[in-house]
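What follows is a short report on a single structure.
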Amino acid sequence: MSYDNENIFAKIIRGEFDCIKVYEDENTIAFMDIMPQADGHTLVIAKESAETLPDLSDAGAAACIKTVKKIVEAVKTAMGVSAATVMQLNGAGAGQSVPHIHFHVIPGSILGARPHAREMEDQDKLKGFAEKIITALG
Ligand code: AMP
């Protein structure tokens with residue numbers, strides 16, 4: 001299937017839609033999930049136009065995992081948890097709701113976490129978590 005240039009993460013990459021950003025480099029952006037499954041739930045996206053993991057270049061995949069590593073560490077420190085879950089859904093059949101490659105970093109366990117992409121979180125609360133994550137990133 002061809003890549004949808006109008007998906008919400010493509011708009012965030014182009015600066016056409018706001019996000020609560022915690023990290024950015026040449027190839028990736030990390031920002032707060034607006035319908036978090038746990039406090040501190042952060043998304044890591046590739047800047048490359050790819051829908052699923054197999055669509056992503058090897059270099060793009062390496063860049064994403066490098067950023068995911070940083071975010072896992074920072075989220076654990078910021079949220080005061082000893083563990084975090086990394087989740088990546090490939091295709092609508094797997095529950096992927098935004099057709100642009102991204103990794104979820106969810107503090108703690110996914111088991112017993114809030115439902116996926118269900119409830120909007122308060123923006124100020126998200127900004128508070130983002131500040132803590134940015135501080136932890138150093
Ligand atoms: P997935 O179902 O794996 O594609 O996950 C998409 C995630 O993006 C969900 O957890 C949504 O809550 C989240 N999401 C959707 N729109 C936005 C947005 N504008 N900013 C931040 N997160 C979003």
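Labels used: A, B, ... for chains in the order of the structure tokens, numbers from 1 for residues in each chain, and numbers from 1 for ligands as shown.
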Would you name the residues within 7 Å of ligand 1, counting only C-alpha atoms and all ligand atoms, and put them as a CSV table (one decimal) with C-alpha atoms, in the first residue's frame?
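Output file selection_27.csv is given in full below:
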chain,number,residue,atom,x,y,z
A,8,ILE,CA,-1.1,13.0,11.4
A,9,PHE,CA,2.6,12.0,12.1
A,19,CYS,CA,3.2,17.8,19.3
A,31,PHE,CA,6.8,13.2,21.6
A,32,MET,CA,4.1,12.5,24.2
A,33,ASP,CA,1.2,10.2,23.2
A,34,ILE,CA,-2.0,12.2,23.5
A,35,MET,CA,-4.0,9.1,24.5
A,36,PRO,CA,-1.4,7.5,26.8
A,88,GLN,CA,5.4,-1.4,17.7
A,89,LEU,CA,2.3,-2.3,15.7
A,95,GLY,CA,-4.1,-2.5,15.7
A,96,GLN,CA,-1.9,0.2,14.1
A,97,SER,CA,-4.1,3.4,14.0
A,98,VAL,CA,-1.6,5.9,12.5
A,99,PRO,CA,-0.1,4.7,9.2
A,102,HIS,CA,6.4,4.5,15.3
A,116,HIS,CA,-4.9,1.7,23.4
A,117,ALA,CA,-5.5,5.1,21.9
A,118,ARG,CA,-8.8,5.5,23.8
Item to check | Shell around Gly108 (chain A) at 9 Å using only C-alpha atoms, local window under 3 positions removed, as JSON, numbers by chain | outcome: {"A": [38, 76, 81, 82, 83, 84, 85, 111, 113]}
Item to check | A:Gly112, A:Gly15, A:Gly40, A:Gly128 ranked by distance to Ile71 (chain A), top pick (using only C-alpha atoms) | outcome: A:Gly40
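Of all the residues in region 13-138 of chain A, the ones DSSP labels as strand (DSSP E) from the backbone are Lys21, Val22, Tyr23, Glu24, Thr28, Ile29, Ala30, Phe31, Met32, Thr42, Leu43, Val44, Ile45, Ala46, Ala84, Thr85, Val86, Met87, His102, Phe103, His104, Val105, Ile106 and Pro107 of chain A.
For Lys47 (chain A), the non-local neighbours within 12 Å, defined as residues at least 6 positions apart in the same chain or in other chains and counting only C-alpha atoms, are Asn5, Phe9, Ala10, Lys11, Ile12, Ile13, Arg14, Gly15, Glu24, Asp25, Glu26, Asn27, Thr28, Ile29, Ala30, Leu56, Ser57, Ala59, Gly60, Ala61, Ala63, Cys64, His100, Ile101 and His102 of chain A.
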Next on the checklist: Calculated over only C-alpha atoms, which of the candidates A:Ala94, A:Ile110, A:Ile20, A:Ala136 has the smallest distance to Leu43 (chain A)?
Outcome noted: A:Ile20
Checklist outcome for this item: From the list A:Val75, A:Ala92, A:Val68, A:Val86, the nearest residue to Thr52 (chain A) using only C-alpha atoms is A:Ala92
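Between CA of Leu137 (chain A) and CA of Val22 (chain A) the separation is 8.5 Å.
Among the residues of region 43-112 of chain A, backbone DSSP assigns alpha helix (DSSP H) to Asp58, Ala59, Gly60, Ala61, Ala62, Ala63, Cys64, Ile65, Lys66, Thr67, Val68, Lys69, Lys70, Ile71, Val72, Glu73, Ala74, Val75, Lys76, Thr77, Ala78 and Met79 of chain A.
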